[in-house]
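The structure under discussion appears below in the form of structure tokens.
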Amino acid sequence: MVELIRTNEPVFISWLLARLSDEDISAVVLDAHASVMDGSISAIPRRIMVAKEDLWRAKYILAEAEELNG
């Protein structure tokens, strides 16, 4: 697995996981429990990991998110 992105934004993580799933891309969220333990300061970003062979398709979905957010 390779890192796709690090973020502290739970809504974005939820959206991204749904979009990846729509494209049959398996993803794993690392550090979710660690970021909960730090309270609300968001010191530890969550890492979204995908299989190496799915990375280019996952990056395309990230580009789509950037277009949507303008």
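The chains in the structure tokens are called A, B, ... from first to last as shown; in each chain the residues are counted from 1, and the ligands are counted from 1 in the order shown.
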Quick one: pick out all alpha helix (DSSP H) residues within segment 5-61 of chain A from a backbone DSSP run and write them as a PyMOL selection string. chain A and resi 10-22+32-37+55-61
Leaving out Thr7 of chain A and any residue of its chain fewer than 5 positions from it, which residues lie within 10 Å of it when counting only C-alpha atoms, given as a list of chain:residue names? A:Phe12, A:Ile13, A:Ser42, A:Ile44, A:Pro45, A:Arg46, A:Arg47, A:Ile48
Taking C-alpha atoms for each residue, export the selection above as an mmCIF file, in the first residue's frame.
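Result went into again-v5.cif, see below:
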```
data_model
loop_
_atom_site.group_PDB
_atom_site.id
_atom_site.type_symbol
_atom_site.label_atom_id
_atom_site.label_comp_id
_atom_site.auth_asym_id
_atom_site.auth_seq_id
_atom_site.Cartn_x
_atom_site.Cartn_y
_atom_site.Cartn_z
ATOM 1 C CA PHE A 12 -13.338 14.877 2.925
ATOM 2 C CA ILE A 13 -12.122 11.464 4.112
ATOM 3 C CA SER A 42 -5.767 17.486 14.903
ATOM 4 C CA ILE A 44 -1.893 13.701 13.653
ATOM 5 C CA PRO A 45 -3.374 13.648 10.150
ATOM 6 C CA ARG A 46 -5.047 10.491 8.924
ATOM 7 C CA ARG A 47 -3.329 8.739 6.030
ATOM 8 C CA ILE A 48 -5.361 7.295 3.183
#
```
Using DSSP on the backbone coordinates, identify the residues of segment 1-67 of chain A assigned to strand (DSSP E or B); present them as a count of residues only. 15
Set the distance at 8 Å and use only C-alpha atoms: which residues neighbour Val2 of chain A once local chain neighbours fewer than 2 positions away are removed? I'd like the list as a PyMOL selection string. chain A and resi 4+49-52+55
Emit the selected residues as a PDB file, in the first residue's frame, including N, CA and C atoms.
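Now in again01.pdb:
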```pdb
ATOM      1  N   LEU A   4      -1.841   7.911  -0.346  1.00  0.00           N
ATOM      2  CA  LEU A   4      -2.491   8.772  -1.325  1.00  0.00           C
ATOM      3  C   LEU A   4      -2.519  10.206  -0.828  1.00  0.00           C
ATOM      4  N   MET A  49      -4.477   5.192   2.396  1.00  0.00           N
ATOM      5  CA  MET A  49      -3.572   4.307   1.675  1.00  0.00           C
ATOM      6  C   MET A  49      -4.347   3.518   0.630  1.00  0.00           C
ATOM      7  N   VAL A  50      -3.724   3.324  -0.528  1.00  0.00           N
ATOM      8  CA  VAL A  50      -4.307   2.520  -1.602  1.00  0.00           C
ATOM      9  C   VAL A  50      -3.236   1.577  -2.139  1.00  0.00           C
ATOM     10  N   ALA A  51      -3.679   0.565  -2.861  1.00  0.00           N
ATOM     11  CA  ALA A  51      -2.724  -0.350  -3.489  1.00  0.00           C
ATOM     12  C   ALA A  51      -1.908   0.409  -4.534  1.00  0.00           C
ATOM     13  N   LYS A  52      -0.665   0.055  -4.672  1.00  0.00           N
ATOM     14  CA  LYS A  52       0.237   0.742  -5.608  1.00  0.00           C
ATOM     15  C   LYS A  52      -0.333   0.763  -7.026  1.00  0.00           C
ATOM     16  N   LEU A  55      -2.920   3.572  -7.538  1.00  0.00           N
ATOM     17  CA  LEU A  55      -2.536   4.938  -7.185  1.00  0.00           C
ATOM     18  C   LEU A  55      -2.889   5.950  -8.259  1.00  0.00           C
TER      19      LEU A  55
END
```
Neighbouring residues of Ser26 of chain A were defined as those with any atom within 10 Å, considering only C-alpha atoms; residues of the same chain fewer than 4 positions away were excluded. Please report them as a PyMOL selection string. chain A and resi 1+17+20-22+49-51+54+58
Option closest in space to Arg57 of chain A, from A:Leu16, A:Ile25, A:Val11, A:Ile5 [counting only C-alpha atoms]: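 Among A:Leu16, A:Ile25, A:Val11, A:Ile5, it is A:Ile25 that comes nearest to Arg57 of chain A.
For the atom pair formed by atom CA of Ala43 of chain A and atom CA of Glu64 of chain A, the distance is 26.7 Å, given to one decimal.
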Please compute the atom CA of Glu67 of chain A-atom CA of Ala27 of chain A distance, one decimal, in Å.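 Straight-line distance from atom CA of Glu67 of chain A to atom CA of Ala27 of chain A works out to 21.5 Å.
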I need the residue nearest Val29 of chain A from this list: A:Ser14, A:Glu66, A:Tyr60, A:Glu53. Use only C-alpha atoms for the distance. A:Ser14
Point-to-point distance from atom CA of Pro10 of chain A to atom CA of Glu23 of chain A, Å rounded to tenths: 20.1 Å
